[in-house]
>>> print(open('query07.cif').read())   # mmCIF, C-alpha atoms and all ligand atoms
data_model
loop_
_atom_site.label_atom_id
_atom_site.label_comp_id
_atom_site.auth_asym_id
_atom_site.auth_seq_id
_atom_site.Cartn_x
_atom_site.Cartn_y
_atom_site.Cartn_z
CA MET A 1 -56.28 -1.98 24.21
CA SER A 2 -55.15 -0.80 27.66
CA SER A 3 -52.27 1.62 27.69
CA LEU A 4 -50.20 -0.85 29.73
CA TRP A 5 -50.55 -3.46 27.02
CA HIS A 6 -49.80 -0.91 24.46
CA ALA A 7 -46.59 0.05 26.25
CA ARG A 8 -45.60 -3.62 26.56
CA LEU A 9 -46.21 -4.31 22.93
CA THR A 10 -44.32 -1.22 21.91
CA SER A 11 -41.30 -2.16 23.98
CA ALA A 12 -41.41 -5.76 22.72
CA PHE A 13 -41.46 -4.44 19.21
CA LEU A 14 -38.57 -2.07 19.91
CA CYS A 15 -36.53 -4.91 21.42
CA LEU A 16 -37.04 -7.00 18.30
CA PHE A 17 -36.03 -4.09 16.20
CA LEU A 18 -32.95 -3.14 18.20
CA ALA A 19 -31.69 -6.62 18.98
CA SER A 20 -30.68 -7.64 15.51
CA PRO A 21 -28.22 -4.87 14.53
CA ALA A 22 -26.68 -5.05 18.00
CA GLN A 23 -26.08 -8.78 17.65
CA ALA A 24 -24.70 -8.33 14.17
CA LEU A 25 -22.30 -5.79 15.59
CA ASP A 26 -21.23 -8.11 18.39
CA GLN A 27 -20.67 -10.92 15.91
CA ASP A 28 -18.73 -8.79 13.47
CA ILE A 29 -16.31 -7.46 16.10
CA LYS A 30 -15.88 -10.93 17.55
CA ASP A 31 -15.25 -12.46 14.11
CA LEU A 32 -12.71 -9.76 13.37
CA MET A 33 -10.96 -10.33 16.70
CA GLN A 34 -10.94 -14.11 16.19
CA GLU A 35 -9.21 -13.51 12.84
CA LEU A 36 -6.55 -11.46 14.63
CA LEU A 37 -6.21 -14.16 17.29
CA ARG A 38 -5.65 -16.84 14.64
CA GLY A 39 -2.97 -14.62 13.07
CA MET A 40 -1.21 -14.24 16.43
CA ALA A 41 -1.37 -18.02 17.05
CA ALA A 42 0.15 -18.67 13.61
CA ILE A 43 2.92 -16.16 14.34
CA GLN A 44 3.70 -17.89 17.62
CA GLU A 45 3.85 -21.20 15.78
CA GLY A 46 6.22 -19.61 13.27
CA ILE A 47 8.45 -18.41 16.11
CA LEU A 48 8.58 -21.84 17.73
CA MET A 49 9.08 -23.66 14.42
CA ASP A 50 11.73 -21.20 13.15
CA ASP A 51 9.43 -20.53 10.20
CA TYR A 52 10.15 -16.92 9.30
CA THR A 53 7.99 -17.02 6.19
CA LYS A 54 5.00 -18.00 8.30
CA ILE A 55 5.72 -15.14 10.70
CA ALA A 56 6.10 -12.59 7.88
CA THR A 57 2.94 -13.71 6.04
CA ASN A 58 0.75 -13.60 9.13
CA ALA A 59 2.24 -10.31 10.34
CA GLU A 60 1.45 -8.82 6.93
CA ALA A 61 -2.16 -10.05 7.20
CA ILE A 62 -2.43 -8.18 10.52
CA VAL A 63 -0.98 -5.01 8.95
CA TYR A 64 -3.77 -5.09 6.37
CA HIS A 65 -6.54 -6.58 8.52
CA ARG A 66 -10.08 -5.57 7.63
CA GLY A 67 -11.94 -3.02 9.72
CA PRO A 68 -15.35 -3.56 11.35
CA ASN A 69 -18.34 -3.55 8.97
CA ALA A 70 -20.41 -0.38 8.39
CA ASP A 71 -22.98 -1.16 11.15
CA ALA A 72 -20.25 -1.87 13.66
CA ARG A 73 -18.37 1.30 12.74
CA LEU A 74 -21.50 3.36 13.25
CA ALA A 75 -22.24 1.79 16.65
CA ILE A 76 -18.63 2.29 17.74
CA SER A 77 -18.71 5.96 16.80
CA ASN A 78 -22.08 6.44 18.55
CA GLU A 79 -20.66 4.95 21.73
CA LEU A 80 -17.20 6.52 21.66
CA GLY A 81 -18.02 9.96 20.21
CA ILE A 82 -14.97 12.21 20.43
CA GLU A 83 -12.84 9.25 21.50
CA VAL A 84 -13.05 7.64 18.04
CA PRO A 85 -9.64 9.09 17.02
CA THR A 86 -8.04 7.54 20.14
CA PHE A 87 -9.59 4.19 19.22
CA GLN A 88 -8.21 4.54 15.70
CA ILE A 89 -4.75 5.44 17.00
CA LEU A 90 -4.76 2.23 19.07
CA ASN A 91 -5.73 0.26 15.98
CA ASP A 92 -3.07 1.97 13.84
CA SER A 93 -0.53 1.09 16.49
CA VAL A 94 -1.37 -2.62 15.95
CA ARG A 95 -0.74 -2.20 12.22
CA ARG A 96 2.58 -0.42 12.85
CA LYS A 97 3.86 -3.05 15.29
CA ALA A 98 2.81 -5.81 12.87
CA ARG A 99 4.81 -4.07 10.12
CA THR A 100 7.89 -3.99 12.37
CA LEU A 101 7.38 -7.70 13.07
CA LYS A 102 7.10 -8.50 9.37
CA GLN A 103 10.39 -6.66 8.72
CA ALA A 104 12.14 -8.50 11.58
CA ALA A 105 10.90 -11.84 10.16
CA GLU A 106 12.14 -10.94 6.68
CA ASP A 107 15.54 -10.17 8.23
CA ASN A 108 15.48 -13.59 10.00
CA ASP A 109 16.27 -11.75 13.22
CA GLN A 110 14.96 -13.80 16.14
CA LYS A 111 15.66 -11.19 18.81
CA ASP A 112 13.84 -8.46 16.89
CA VAL A 113 11.00 -10.87 16.08
CA LEU A 114 10.50 -11.64 19.77
CA ASN A 115 10.57 -7.96 20.70
CA ALA A 116 8.14 -7.03 17.93
CA TYR A 117 5.80 -9.89 18.86
CA ASN A 118 5.77 -8.67 22.45
CA GLU A 119 5.12 -5.07 21.34
CA LEU A 120 2.32 -6.23 19.06
CA THR A 121 0.65 -8.16 21.90
CA LYS A 122 0.89 -5.06 24.09
CA ALA A 123 -0.76 -3.00 21.35
CA CYS A 124 -3.69 -5.47 21.29
CA THR A 125 -4.13 -5.35 25.07
CA ARG A 126 -3.88 -1.56 25.21
CA CYS A 127 -7.10 -1.24 23.23
CA HIS A 128 -8.73 -4.04 25.23
CA ASN A 129 -7.88 -2.34 28.52
CA ASN A 130 -9.44 0.91 27.34
CA TYR A 131 -12.40 -0.15 25.25
CA ARG A 132 -13.28 -3.81 25.49
CA LYS A 133 -15.78 -3.61 28.37
CA ARG A 134 -17.22 -0.41 27.09
CA LEU A 135 -17.87 -1.69 23.60
CA ARG A 136 -19.22 -4.95 24.95
CA ARG A 137 -21.92 -2.84 26.63
CA ILE A 138 -23.31 -1.70 23.29
CA ASN A 139 -23.90 -5.31 22.23
C1 LIG B 201 -8.81 -0.65 18.55
C2 LIG B 201 -9.24 -1.61 19.51
C3 LIG B 201 -8.78 -3.05 19.49
C4 LIG B 201 -7.56 -3.54 19.09
C5 LIG B 201 -6.35 -2.76 18.57
C6 LIG B 201 -7.61 -4.96 19.29
N1 LIG B 201 -8.82 -5.34 19.79
FE1 LIG B 201 -9.40 -7.24 20.26
N2 LIG B 201 -11.15 -6.52 20.97
C7 LIG B 201 -11.59 -5.22 20.90
C8 LIG B 201 -12.94 -5.12 21.45
C9 LIG B 201 -13.79 -3.86 21.52
C10 LIG B 201 -13.30 -6.42 21.86
C11 LIG B 201 -14.62 -6.87 22.51
C12 LIG B 201 -15.56 -7.39 21.46
C13 LIG B 201 -16.85 -7.95 22.04
O1 LIG B 201 -16.84 -8.54 23.12
O2 LIG B 201 -17.89 -7.80 21.38
C14 LIG B 201 -12.15 -7.27 21.56
C15 LIG B 201 -12.11 -8.64 21.81
C16 LIG B 201 -11.08 -9.49 21.42
C17 LIG B 201 -11.09 -10.94 21.58
C18 LIG B 201 -12.23 -11.76 22.18
C19 LIG B 201 -13.20 -12.09 21.05
C20 LIG B 201 -14.33 -13.00 21.48
O3 LIG B 201 -14.69 -13.91 20.68
O4 LIG B 201 -14.89 -12.82 22.57
C21 LIG B 201 -9.92 -11.41 21.07
C22 LIG B 201 -9.45 -12.86 20.98
C23 LIG B 201 -9.17 -10.27 20.58
N3 LIG B 201 -9.91 -9.13 20.81
C24 LIG B 201 -7.93 -10.35 19.96
C25 LIG B 201 -7.20 -9.24 19.54
C26 LIG B 201 -5.85 -9.33 19.00
C27 LIG B 201 -5.06 -10.61 18.81
C28 LIG B 201 -5.46 -8.05 18.74
C29 LIG B 201 -4.16 -7.56 18.20
C30 LIG B 201 -3.55 -8.19 17.05
C31 LIG B 201 -6.57 -7.18 19.10
N4 LIG B 201 -7.60 -7.94 19.57
C32 LIG B 201 -6.55 -5.81 18.96
C33 LIG B 201 -10.88 -4.14 20.44
C34 LIG B 201 -9.58 -4.20 19.94
#
>>> encode(input="query07.cif", output="structure tokens")
Amino acid sequence: MSSLWHARLTSAFLCLFLASPAQALDQDIKDLMQELLRGMAAIQEGILMDDYTKIATNAEAIVYHRGPNADARLAISNELGIEVPTFQILNDSVRRKARTLKQAAEDNDQKDVLNAYNELTKACTRCHNNYRKRLRRIN
């Protein structure tokens, strides 16, 4: 076999090998984010329907949302290195804002609910602004 063919076959093999965990990672982060999006949509519905139970339940689900799976966590830490703690702080901030929102909903306080919802949305976009493009690159 010529060395060119050998190189081609090797890289084709490597691509096959590398493509699947990367896609699994992409899918896991996207699934996780879609879960958060559905929670936010349900909260907005709760706000517009004056359904404070719906707001509180969905805010609580965001407080305790699952993390990325083990493969995704590994790929994130490989890409972000020493910035992993910053990434985690941004994620913790989402949980904290969601907790504040849950409390405001339990108090039936519309003004606080609106403020907390706004703060929570900002916490989501803060991580997106910093890391979304970068983590999309590892897909
Ligand atoms: C700690 C970081 C971080 C936080 C906090 C975060 N996200 Fe994301 N989000 C990401 C990354 C990274 C992507 C890009 C994923 C990709 O394209 O593979 C993303 C993508 C998304 C997407 C697009 C998914 C798709 O199918 O393309 C949605 C929707 C989303 N996030 C919603 C949210 C919501 C809602 C919150 C807050 C409740 C939130 N995110 C908080 C990191 C974060």
>>> residues_near_ligand(input="query07.cif", ligand="ligand LIG 201 (chain B)", cutoff="7 Å", atoms="all atoms listed in the file", output="PyMOL selection string")
chain A and resi 26-27+29-31+33-34+36-37+40+62+87-88+90-91+94+120-121+123-125+127-128+131-133+135-136+139
>>> atom_distance(input="query07.cif", atom1="CA of Ala59 in chain A", atom2="CA of Arg38 in chain A")
11.1 Å
>>> atom_distance(input="query07.cif", atom1="CA of Lys54 in chain A", atom2="CA of Gly67 in chain A")
22.7 Å
>>> atom_distance(input="query07.cif", atom1="CA of Asp28 in chain A", atom2="CA of Tyr117 in chain A")
25.1 Å
>>> closest_residue(input="query07.cif", among="A:Leu32, A:Ala42, A:Asn129, A:Tyr52", to="Gln103 in chain A", atoms="all atoms listed in the file")
A:Tyr52
>>> residues_near_point(input="query07.cif", point="(-2.1, -10.3, 10.1)", cutoff="9 Å", atoms="all atoms listed in the file", output="MDAnalysis selection string")
chainID A and resid 35:36 38:40 43 56:65 95 98
>>> closest_residue(input="query07.cif", among="A:Ile82, A:Ala75, A:Ile89, A:Ile47", to="Asn118 in chain A", atoms="only C-alpha atoms")
A:Ile47
>>> residues_around(input="query07.cif", residues="Leu48 in chain A", least_positions_apart="6", cutoff="12 Å", atoms="all atoms listed in the file", output="count of residues only")
7
